[in-house]
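Raw contents of query_26.cif, mmCIF, C-alpha atoms and all ligand atoms:
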```cif
data_model
#
loop_
_atom_site.label_atom_id
_atom_site.label_comp_id
_atom_site.auth_asym_id
_atom_site.auth_seq_id
_atom_site.Cartn_x
_atom_site.Cartn_y
_atom_site.Cartn_z
CA MET A 155 0.00 0.00 0.00
CA SER A 156 1.16 3.54 -0.77
CA GLU A 157 2.45 5.71 2.07
CA ILE A 158 0.88 8.79 0.51
CA GLU A 159 -2.27 8.68 -1.61
CA LEU A 160 -4.18 11.63 -3.06
CA GLN A 161 -7.28 11.13 -5.19
CA ASP A 162 -8.82 14.03 -7.16
CA VAL A 163 -7.91 16.54 -4.46
CA GLU A 164 -9.28 20.06 -4.74
CA LYS A 165 -8.52 23.05 -2.56
CA ARG A 166 -9.88 26.56 -3.03
CA TYR A 167 -9.12 29.80 -1.23
CA GLY A 168 -11.99 32.10 -2.17
CA SER A 169 -11.80 32.45 -5.92
CA VAL A 170 -8.30 30.89 -6.13
CA THR A 171 -8.09 27.19 -6.92
CA ALA A 172 -4.84 26.08 -5.30
CA LEU A 173 -5.26 22.37 -6.09
CA ASN A 174 -7.42 21.24 -8.96
CA GLY A 175 -7.98 17.47 -9.05
CA VAL A 176 -4.56 16.27 -7.88
CA SER A 177 -4.01 12.51 -7.78
CA LEU A 178 -0.71 11.16 -6.56
CA SER A 179 0.64 8.00 -5.05
CA VAL A 180 4.00 7.68 -3.26
CA ASP A 181 5.39 4.41 -1.95
CA ARG A 182 7.15 4.00 1.36
CA GLY A 183 10.84 4.84 1.10
CA GLU A 184 10.56 6.84 -2.12
CA THR A 185 12.09 10.30 -2.53
CA VAL A 186 9.84 12.36 -4.77
CA GLY A 187 10.42 15.88 -6.06
CA LEU A 188 7.57 18.32 -6.46
CA ILE A 189 8.29 21.13 -8.87
CA GLY A 190 6.23 23.99 -10.20
CA CYS A 191 6.22 27.74 -10.69
CA ASN A 192 5.33 30.08 -7.81
CA GLY A 193 1.71 29.54 -6.85
CA ALA A 194 1.51 26.08 -8.47
CA GLY A 195 0.12 24.55 -5.28
CA LYS A 196 3.15 22.80 -3.76
CA THR A 197 2.92 24.28 -0.27
CA THR A 198 -0.86 23.77 -0.20
CA LEU A 199 -0.29 20.11 -0.97
CA PHE A 200 2.28 19.82 1.84
CA LYS A 201 -0.06 21.54 4.29
CA MET A 202 -2.69 18.96 3.45
CA LEU A 203 -0.28 16.08 4.02
CA VAL A 204 0.56 17.38 7.49
CA GLY A 205 -3.07 18.13 8.35
CA HIS A 206 -2.86 21.94 8.36
CA GLU A 207 -5.46 22.03 5.57
CA THR A 208 -8.28 19.73 4.55
CA PRO A 209 -9.41 19.13 0.96
CA ASP A 210 -12.64 20.67 -0.40
CA ALA A 211 -13.03 17.56 -2.54
CA GLY A 212 -11.17 14.30 -3.05
CA THR A 213 -9.27 12.20 -0.54
CA VAL A 214 -5.85 12.43 1.12
CA SER A 215 -4.22 9.64 3.05
CA VAL A 216 -0.80 9.49 4.73
CA GLY A 217 0.04 6.14 6.24
CA GLY A 218 -3.70 5.43 6.23
CA LEU A 219 -4.53 8.67 8.11
CA THR A 220 -6.58 11.57 6.75
CA PRO A 221 -5.77 15.30 7.28
CA ASP A 222 -8.40 15.59 10.02
CA ALA A 223 -6.46 13.07 12.15
CA GLY A 224 -4.69 16.11 13.66
CA ALA A 225 -1.93 15.31 16.15
CA THR A 226 -1.87 11.61 15.23
CA LEU A 227 -1.02 12.55 11.65
CA ARG A 228 1.56 15.14 12.72
CA GLU A 229 3.36 12.48 14.76
CA ARG A 230 3.94 10.58 11.51
CA VAL A 231 4.89 13.51 9.32
CA GLY A 232 7.89 15.82 9.69
CA TYR A 233 7.29 19.11 7.88
CA LEU A 234 10.07 21.61 7.19
CA PRO A 235 8.39 24.79 5.90
CA GLU A 236 10.12 27.30 3.61
CA SER A 237 11.16 29.38 6.59
CA ALA A 238 11.44 28.18 10.15
CA GLY A 239 12.74 30.47 12.90
CA PHE A 240 13.88 29.59 16.40
CA PRO A 241 14.20 31.66 19.59
CA PRO A 242 17.76 33.03 19.23
CA SER A 243 18.71 32.55 22.89
CA PHE A 244 17.85 28.83 22.86
CA THR A 245 20.62 26.35 22.14
CA GLY A 246 20.15 23.80 19.38
CA ARG A 247 19.78 21.10 22.01
CA GLU A 248 17.07 23.08 23.83
CA VAL A 249 15.13 23.64 20.60
CA LEU A 250 15.21 19.93 19.85
CA THR A 251 14.33 18.91 23.40
CA PHE A 252 11.31 21.22 23.18
CA HIS A 253 10.25 19.63 19.88
CA ALA A 254 10.75 16.16 21.33
CA GLU A 255 8.50 17.14 24.21
CA ILE A 256 5.70 18.56 22.07
CA ARG A 257 5.87 15.46 19.90
CA GLY A 258 5.08 13.47 23.02
CA LEU A 259 8.35 11.57 23.34
CA PRO A 260 8.65 9.95 26.79
CA ALA A 261 11.11 11.87 29.02
CA ASP A 262 13.55 8.95 29.27
CA GLU A 263 13.87 8.76 25.46
CA ARG A 264 14.25 12.46 24.74
CA GLU A 265 17.92 12.89 25.53
CA HIS A 266 19.00 9.95 23.43
CA ARG A 267 16.77 10.94 20.48
CA VAL A 268 18.00 14.56 20.56
CA GLU A 269 21.59 13.34 20.62
CA ARG A 270 20.93 11.08 17.65
CA VAL A 271 19.34 13.74 15.44
CA LEU A 272 22.05 16.27 16.37
CA HIS A 273 24.51 13.74 15.03
CA THR A 274 22.42 13.01 11.91
CA VAL A 275 22.41 16.68 10.90
CA GLY A 276 26.01 17.31 11.95
CA LEU A 277 25.26 19.73 14.79
CA ASP A 278 26.82 17.75 17.66
CA GLU A 279 29.53 20.30 18.25
CA ALA A 280 27.23 23.33 18.00
CA ALA A 281 24.49 21.74 20.12
CA ASP A 282 25.07 23.93 23.16
CA ARG A 283 25.49 27.24 21.35
CA PRO A 284 22.58 29.73 21.06
CA VAL A 285 20.90 29.33 17.67
CA GLY A 286 21.04 33.11 17.18
CA GLY A 287 24.69 32.55 16.27
CA TYR A 288 24.01 29.73 13.78
CA SER A 289 24.68 30.22 10.06
CA ASN A 290 21.82 29.83 7.55
CA GLY A 291 23.02 26.33 6.78
CA MET A 292 23.10 25.35 10.46
CA ASN A 293 19.63 26.83 10.92
CA ARG A 294 18.28 24.76 8.06
CA ARG A 295 19.91 21.64 9.45
CA LEU A 296 18.40 22.40 12.86
CA GLY A 297 15.02 22.77 11.11
CA LEU A 298 15.53 19.36 9.58
CA ALA A 299 16.47 17.97 12.99
CA THR A 300 13.20 19.28 14.48
CA THR A 301 11.30 17.28 11.86
CA LEU A 302 13.35 14.15 12.52
CA VAL A 303 13.19 14.19 16.29
CA GLY A 304 9.74 12.60 16.29
CA ASP A 305 11.05 9.75 14.10
CA PRO A 306 8.54 10.43 11.29
CA ASP A 307 7.56 8.03 8.50
CA VAL A 308 7.20 10.90 6.05
CA LEU A 309 9.40 13.96 5.58
CA LEU A 310 8.11 17.05 3.72
CA LEU A 311 10.86 19.51 2.75
CA ASP A 312 9.66 22.81 1.27
CA GLU A 313 12.53 24.47 -0.61
CA PRO A 314 14.97 23.21 2.02
CA THR A 315 18.15 24.71 0.56
CA ALA A 316 16.87 28.11 -0.60
CA ALA A 317 19.30 30.85 0.51
CA LEU A 318 22.10 28.42 1.42
CA ASP A 319 25.62 28.78 0.06
CA PRO A 320 27.03 25.91 -2.07
CA VAL A 321 28.70 24.25 0.94
CA GLY A 322 25.46 24.46 2.94
CA VAL A 323 23.52 23.00 0.02
CA SER A 324 25.97 20.17 -0.38
CA ASN A 325 25.93 19.34 3.37
CA PHE A 326 22.14 19.33 3.35
CA HIS A 327 22.04 17.07 0.28
CA ASP A 328 24.44 14.61 1.91
CA ILE A 329 22.15 14.32 4.93
CA ILE A 330 19.04 13.76 2.80
CA GLU A 331 20.82 11.19 0.66
CA ALA A 332 21.99 9.32 3.76
CA LEU A 333 18.45 9.34 5.18
CA ALA A 334 17.04 8.05 1.90
CA GLU A 335 19.65 5.32 1.74
CA GLU A 336 19.76 4.20 5.36
CA THR A 337 16.10 4.48 6.40
CA ASP A 338 12.74 3.72 4.82
CA ILE A 339 11.48 7.24 5.37
CA THR A 340 9.33 8.63 2.54
CA ILE A 341 10.56 12.05 1.39
CA LEU A 342 8.78 14.73 -0.61
CA VAL A 343 10.87 17.74 -1.53
CA THR A 344 10.05 20.93 -3.40
CA SER A 345 12.69 23.07 -5.04
CA HIS A 346 13.09 25.64 -7.79
CA VAL A 347 16.59 24.27 -8.33
CA LEU A 348 15.94 21.40 -10.67
CA SER A 349 19.45 19.95 -10.41
CA GLU A 350 18.66 19.47 -6.70
CA ILE A 351 15.60 17.40 -7.58
CA GLU A 352 17.65 15.42 -10.11
CA ARG A 353 20.25 14.68 -7.47
CA LEU A 354 17.93 13.72 -4.62
CA CYS A 355 14.82 12.22 -6.17
CA ASP A 356 13.78 8.96 -7.78
CA ARG A 357 10.62 10.47 -9.16
CA VAL A 358 9.35 13.91 -9.96
CA VAL A 359 5.89 15.45 -10.12
CA ILE A 360 5.38 18.65 -12.09
CA LEU A 361 2.52 20.79 -10.77
CA ASP A 362 1.15 23.75 -12.67
CA ASP A 363 -1.88 25.81 -11.77
CA GLY A 364 -2.94 23.28 -9.14
CA SER A 365 -2.81 20.26 -11.47
CA VAL A 366 -0.29 17.48 -12.01
CA ARG A 367 1.06 17.94 -15.54
CA VAL A 368 3.74 15.26 -15.56
CA ALA A 369 4.81 12.57 -13.10
CA GLY A 370 7.49 9.96 -13.60
CA ASP A 371 10.90 8.55 -13.03
CA VAL A 372 13.56 11.29 -13.28
CA THR A 373 15.78 9.31 -15.69
CA ASP A 374 12.85 8.27 -17.91
CA LEU A 375 11.56 11.83 -18.09
CA ARG A 376 14.95 13.17 -19.11
CA ARG A 377 14.95 10.65 -21.97
CA THR A 378 11.63 12.00 -23.23
CA THR A 379 13.34 15.26 -24.13
CA GLY A 380 14.55 13.49 -27.27
CA ASP A 381 17.87 12.68 -28.75
CA ALA A 382 19.49 16.07 -28.44
CA VAL A 383 22.72 16.70 -26.54
CA THR A 384 24.42 20.01 -25.95
CA VAL A 385 28.06 20.64 -26.79
CA THR A 386 29.72 23.61 -25.13
CA ALA A 387 33.17 24.39 -26.47
CA THR A 388 35.74 27.14 -26.03
CA VAL A 389 37.24 28.01 -29.41
CA GLU A 390 40.23 30.15 -30.36
CA ASP A 391 38.62 31.75 -33.43
CA ASP A 392 35.75 34.20 -33.07
CA ALA A 393 32.93 32.05 -31.60
CA ALA A 394 30.16 34.01 -33.39
CA THR A 395 31.75 33.40 -36.79
CA VAL A 396 32.29 29.72 -35.99
CA ALA A 397 28.65 29.43 -34.82
CA GLU A 398 27.45 30.84 -38.13
CA ARG A 399 29.42 28.23 -40.08
CA VAL A 400 28.49 25.32 -37.83
CA ALA A 401 24.76 26.10 -37.79
CA SER A 402 24.22 24.49 -41.20
CA TRP A 403 26.15 21.29 -40.49
CA ASP A 404 24.39 17.94 -40.48
CA GLY A 405 23.44 16.91 -36.95
CA VAL A 406 23.48 20.47 -35.57
CA THR A 407 20.05 21.86 -34.57
CA THR A 408 21.17 25.22 -33.20
CA ALA A 409 24.51 26.97 -32.82
CA THR A 410 24.94 30.03 -30.64
CA ALA A 411 27.96 31.95 -29.35
CA ASP A 412 28.86 33.56 -26.06
CA PRO A 413 32.51 34.30 -26.93
CA PRO A 414 34.79 32.50 -26.43
CA ARG A 415 32.17 29.80 -25.81
CA LEU A 416 30.21 28.06 -28.50
CA ARG A 417 27.00 26.20 -27.74
CA LEU A 418 25.68 23.55 -30.12
CA ASP A 419 22.52 21.48 -29.80
CA CYS A 420 23.26 18.27 -31.68
CA ASP A 421 21.63 14.94 -32.55
CA ARG A 422 22.99 12.42 -30.08
CA ASP A 423 24.17 9.99 -32.79
CA ARG A 424 25.98 12.71 -34.76
CA VAL A 425 27.72 14.47 -31.90
CA PHE A 426 31.16 12.92 -32.41
CA ASP A 427 31.10 13.63 -36.18
CA VAL A 428 30.24 17.24 -35.36
CA LEU A 429 33.11 17.43 -32.87
CA ASP A 430 35.59 16.01 -35.41
CA ARG A 431 34.46 18.60 -37.95
CA LEU A 432 34.67 21.34 -35.36
CA ARG A 433 38.26 20.40 -34.52
CA ASP A 434 39.14 20.51 -38.23
CA ALA A 435 37.52 23.94 -38.55
CA THR A 436 39.00 25.67 -35.51
CA ALA A 437 41.25 25.17 -32.50
CA VAL A 438 39.08 23.81 -29.67
CA VAL A 439 40.44 24.67 -26.23
CA ASP A 440 37.97 22.59 -24.20
CA VAL A 441 34.70 20.85 -24.76
CA GLU A 442 31.82 19.57 -22.65
CA ILE A 443 28.88 17.40 -23.68
CA SER A 444 25.72 17.52 -21.58
CA GLU A 445 22.34 15.85 -21.78
CA PRO A 446 19.10 17.76 -21.29
CA GLY A 447 18.02 17.93 -17.68
CA LEU A 448 14.73 18.26 -15.87
CA ASP A 449 14.62 21.94 -16.80
CA ALA A 450 13.78 20.92 -20.39
CA VAL A 451 11.07 18.53 -19.17
CA PHE A 452 9.67 21.22 -16.89
CA ARG A 453 9.64 23.86 -19.62
CA ASP A 454 7.89 21.50 -22.05
CA ALA A 455 5.27 20.51 -19.44
CA VAL A 456 4.41 24.07 -18.46
CA THR A 457 4.52 25.30 -22.06
CA ALA A 458 2.13 22.53 -23.10
CA SER A 459 -0.31 23.24 -20.27
CA ARG A 460 -0.35 26.99 -20.86
CA GLY A 461 -0.06 26.96 -24.64
CA VAL A 462 2.75 29.56 -24.44
CA ALA A 463 6.50 29.20 -24.30
CA LEU A 464 8.33 30.10 -21.11
CA SER A 465 10.88 32.75 -21.84
CA THR A 466 13.73 31.52 -19.63
CA GLY A 467 14.47 28.64 -17.28
CA GLY A 468 10.82 28.78 -16.27
CA GLU A 469 11.33 27.80 -12.65
CA ARG A 470 9.81 31.01 -11.31
CA ASP A 471 7.12 33.21 -12.69
CA ASP A 472 7.48 36.16 -10.36
N1 LIG B 501 -4.11 30.86 2.86
C1 LIG B 501 -4.30 31.24 1.58
N2 LIG B 501 -5.23 32.16 1.28
C2 LIG B 501 -5.45 32.55 0.01
N3 LIG B 501 -4.78 32.04 -1.05
C3 LIG B 501 -3.84 31.11 -0.81
C4 LIG B 501 -3.56 30.67 0.51
N4 LIG B 501 -2.58 29.73 0.44
C5 LIG B 501 -2.26 29.62 -0.87
N5 LIG B 501 -3.03 30.44 -1.61
C6 LIG B 501 -2.99 30.56 -3.08
O1 LIG B 501 -3.03 29.25 -3.61
C7 LIG B 501 -2.15 29.15 -4.74
C8 LIG B 501 -1.12 28.05 -4.46
O2 LIG B 501 -0.25 28.53 -3.44
P1 LIG B 501 0.97 27.65 -2.87
O3 LIG B 501 1.57 28.43 -1.76
O4 LIG B 501 0.49 26.28 -2.56
O5 LIG B 501 1.94 27.62 -4.13
P2 LIG B 501 3.46 27.14 -4.20
O6 LIG B 501 3.56 26.23 -5.38
O7 LIG B 501 3.91 26.60 -2.91
O8 LIG B 501 4.22 28.50 -4.53
P3 LIG B 501 5.72 28.99 -4.14
O9 LIG B 501 6.66 28.29 -5.09
O10 LIG B 501 5.66 30.44 -4.39
O11 LIG B 501 5.97 28.66 -2.70
C9 LIG B 501 -1.55 30.53 -4.95
O12 LIG B 501 -2.33 31.20 -5.89
C10 LIG B 501 -1.68 31.17 -3.56
O13 LIG B 501 -1.78 32.57 -3.69
#
```
Could you take the file, read its structure, and then write that structure out as structure tokens?
Ligand SMILES: Nc1ncnc2c1ncn2[C@@H]1O[C@H](COP(=O)(O)OP(=O)(O)OP(=O)(O)O)[C@@H](O)[C@H]1O
Amino acid sequence: MSEIELQDVEKRYGSVTALNGVSLSVDRGETVGLIGCNGAGKTTLFKMLVGHETPDAGTVSVGGLTPDAGATLRERVGYLPESAGFPPSFTGREVLTFHAEIRGLPADEREHRVERVLHTVGLDEAADRPVGGYSNGMNRRLGLATTLVGDPDVLLLDEPTAALDPVGVSNFHDIIEALAEETDITILVTSHVLSEIERLCDRVVILDDGSVRVAGDVTDLRRTTGDAVTVTATVEDDAATVAERVASWDGVTTATADPPRLRLDCDRDRVFDVLDRLRDATAVVDVEISEPGLDAVFRDAVTASRGVALSTGGERDD
């Protein structure tokens, strides 16, 4: 049986339809990414899974519980909202002990559980410092620890790494990957950084305007973007002139220049012929071949649902 099951879920706020017939099934132990533009309905869906909202129509079940199960549901679900603040004078350990208490952990288990989650998120050494002095990354990891202290079956992470520096992002990813690998916790994560979803998730769900547009295995979805690969090369000759010449070659779909870089979209089975020709035509300093990522899948899904092309990466519409 699925850990999370939504059937034709609708949620309205006045005249705004936040969720419009969402059906979704997530198995225990899966890590699923939820992506969509601002206002697509991601946070509303999370709030429903943790029982902060109830559906106007349709059904929601998490581990067999419905959103109106209240505290019983919240014991099973750890929810890390987009922003979570803590009293600055509390130490990390005090924050977690408080969360352990409100989650109803017996007093004799609290200390051990707090110690364990401090270790999981790498805050052992900072445990007794006031959180007012924590970095953004440490704050986010403490937020994650507050969700883990109740030993949840389901973890909901809403843009968990927004505003973190690259080291903070990488530390956070390592923790999530370890959790996914070493436990059977079910993880749902939203992000506007699609490479993050590609790294962390087995499956992805694309929401737009309150509806699921695409859902599937990350690798399979990337394959649906066709047989194109992108070659990025640094060339010694003027890249714009080279791009003009290369644009008409067999196997090249588009050629653009951002001197000294050249960017070519090529047919996958012709890419090495194109590279050989390129090397004959100009001195190539370095070259990189990349496959289309989730950003292409996302753009196609949203473009198809709206009937208009997104102008840029398309992750945000604000
Ligand atoms: N409490 C509320 N009252 C009124 N409208 C709301 C409320 N919560 C959400 N909405 C509206 O529902 C829609 C979906 O919002 P939601 O926050 O779920 O989107 P989101 O995908 O999480 O967006 P973001 O990426 O910006 O966080 C938006 O149009 C939003 O304005």
Test item: residues lying within 7 Å of ligand LIG 501 (chain B) with all atoms listed in the file, as a PyMOL selection string: chain A and resi 167-168+170-172+190-199+364
Nearest to Thr301 of chain A, chosen from A:Ala238, A:Val186, A:Val359, A:Val366, with only C-alpha atoms counted in the distances: A:Ala238
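Closest to Arg247 of chain A among A:Ile341, A:Ala281, A:Val428, A:Cys355 is A:Ala281, based on all atoms listed in the file.
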d(atom CA of Asn174 of chain A, atom CA of Leu348 of chain A) in Å: 23.4 Å
Protein, DNA and RNA residues within 6 Å of (16.0, 15.3, 22.0), all atoms listed in the file, as a VMD selection string: chain A and resid 250 to 251 254 264 to 265 267 to 268
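Take the candidates A:Val343, A:Glu335, A:Asn290, A:Val180 and check each one against Phe200 of chain A using all atoms listed in the file; the shortest distance goes to A:Val343.
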Enclose the full set of atoms of segment 412-430 of chain A listed in the file within a box whose edges lie along x, y and z, apply 6 Å of padding to each of the six sides, and report centre and edge lengths in Å to one decimal as JSON.
```
{"center_x": 28.6, "center_y": 22.1, "center_z": -31.0, "size_x": 26.0, "size_y": 36.3, "size_z": 22.4}
```
Give me the residues near Leu375 of chain A as an mmCIF file with C-alpha atoms, in the coordinates of the input, where near means some atom within 10 Å (using all atoms listed in the file) and where sequence neighbours in that chain fewer than 2 positions away do not count.
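Generated output (part31.cif):
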```cif
data_model
loop_
_atom_site.group_PDB
_atom_site.id
_atom_site.type_symbol
_atom_site.label_atom_id
_atom_site.label_comp_id
_atom_site.auth_asym_id
_atom_site.auth_seq_id
_atom_site.Cartn_x
_atom_site.Cartn_y
_atom_site.Cartn_z
ATOM 1 C CA ARG A 357 10.620 10.470 -9.160
ATOM 2 C CA VAL A 358 9.350 13.910 -9.960
ATOM 3 C CA VAL A 368 3.740 15.260 -15.560
ATOM 4 C CA ALA A 369 4.810 12.570 -13.100
ATOM 5 C CA GLY A 370 7.490 9.960 -13.600
ATOM 6 C CA ASP A 371 10.900 8.550 -13.030
ATOM 7 C CA VAL A 372 13.560 11.290 -13.280
ATOM 8 C CA THR A 373 15.780 9.310 -15.690
ATOM 9 C CA ARG A 377 14.950 10.650 -21.970
ATOM 10 C CA THR A 378 11.630 12.000 -23.230
ATOM 11 C CA THR A 379 13.340 15.260 -24.130
ATOM 12 C CA GLY A 380 14.550 13.490 -27.270
ATOM 13 C CA GLY A 447 18.020 17.930 -17.680
ATOM 14 C CA LEU A 448 14.730 18.260 -15.870
ATOM 15 C CA ALA A 450 13.780 20.920 -20.390
ATOM 16 C CA VAL A 451 11.070 18.530 -19.170
ATOM 17 C CA PHE A 452 9.670 21.220 -16.890
#
```
Residue among A:Leu188, A:Val275, A:Ala437, A:Ser324 lying closest to His346 of chain A, counting all atoms listed in the file: A:Leu188
Between atom CA of Gly304 of chain A and atom CA of Leu173 of chain A, distance in Å (one decimal): 28.7 Å
Contact residues around His206 of chain A with all atoms listed in the file at 10 Å, ignoring same-chain residues under 3 positions, as an mmCIF file with C-alpha atoms, keeping the file's coordinate frame:
```
data_model
loop_
_atom_site.group_PDB
_atom_site.id
_atom_site.type_symbol
_atom_site.label_atom_id
_atom_site.label_comp_id
_atom_site.auth_asym_id
_atom_site.auth_seq_id
_atom_site.Cartn_x
_atom_site.Cartn_y
_atom_site.Cartn_z
ATOM 1 C CA THR A 198 -0.860 23.770 -0.200
ATOM 2 C CA LEU A 199 -0.290 20.110 -0.970
ATOM 3 C CA PHE A 200 2.280 19.820 1.840
ATOM 4 C CA LYS A 201 -0.060 21.540 4.290
ATOM 5 C CA MET A 202 -2.690 18.960 3.450
ATOM 6 C CA LEU A 203 -0.280 16.080 4.020
ATOM 7 C CA PRO A 221 -5.770 15.300 7.280
ATOM 8 C CA ASP A 222 -8.400 15.590 10.020
ATOM 9 C CA GLY A 224 -4.690 16.110 13.660
ATOM 10 C CA ARG A 228 1.560 15.140 12.720
#
```
Interatomic distance, atom CA of Asp421 of chain A to atom CA of Thr436 of chain A (Å, one decimal): 20.6 Å
Which of A:Ala382, A:Val308, A:Ala387, A:Val285 sits closest to Val441 of chain A [using only C-alpha atoms]: A:Ala387
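Omitting segment 390-399 of chain A and its sequence neighbours fewer than 2 positions away, and counting all atoms listed in the file, the residues within 8 Å are Thr388, Ala401, Ser402, Trp403, Ala409, Thr410, Ala411, Asp412, Pro413, Pro414, Arg415, Leu416, Arg417, Thr436, Ala437, Val438 and Val439 of chain A.
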Among the residues A:Pro260, A:Leu309, A:Gly175, A:Arg166, the one that comes closest to Arg367 of chain A [using all atoms listed in the file]: A:Gly175
Contacts of Thr340 of chain A at 10 Å (only C-alpha atoms; same-chain gap of 5+ positions) as a PyMOL selection string: chain A and resi 157-158+180-186+231+306-310+333-334
For the residues in that selection, give me C-alpha atoms as a PDB file, in the coordinates of the input.
```pdb
ATOM      1  CA  GLU A 157       2.450   5.710   2.070  1.00  0.00           C
ATOM      2  CA  ILE A 158       0.880   8.790   0.510  1.00  0.00           C
ATOM      3  CA  VAL A 180       4.000   7.680  -3.260  1.00  0.00           C
ATOM      4  CA  ASP A 181       5.390   4.410  -1.950  1.00  0.00           C
ATOM      5  CA  ARG A 182       7.150   4.000   1.360  1.00  0.00           C
ATOM      6  CA  GLY A 183      10.840   4.840   1.100  1.00  0.00           C
ATOM      7  CA  GLU A 184      10.560   6.840  -2.120  1.00  0.00           C
ATOM      8  CA  THR A 185      12.090  10.300  -2.530  1.00  0.00           C
ATOM      9  CA  VAL A 186       9.840  12.360  -4.770  1.00  0.00           C
ATOM     10  CA  VAL A 231       4.890  13.510   9.320  1.00  0.00           C
ATOM     11  CA  PRO A 306       8.540  10.430  11.290  1.00  0.00           C
ATOM     12  CA  ASP A 307       7.560   8.030   8.500  1.00  0.00           C
ATOM     13  CA  VAL A 308       7.200  10.900   6.050  1.00  0.00           C
ATOM     14  CA  LEU A 309       9.400  13.960   5.580  1.00  0.00           C
ATOM     15  CA  LEU A 310       8.110  17.050   3.720  1.00  0.00           C
ATOM     16  CA  LEU A 333      18.450   9.340   5.180  1.00  0.00           C
ATOM     17  CA  ALA A 334      17.040   8.050   1.900  1.00  0.00           C
TER      18      ALA A 334
END
```
Sel. within 12 Å of pt (26.1, 27.4, 2.5), counting all atoms listed in the file, output as a PyMOL selection string: chain A and resi 288-295+314-327
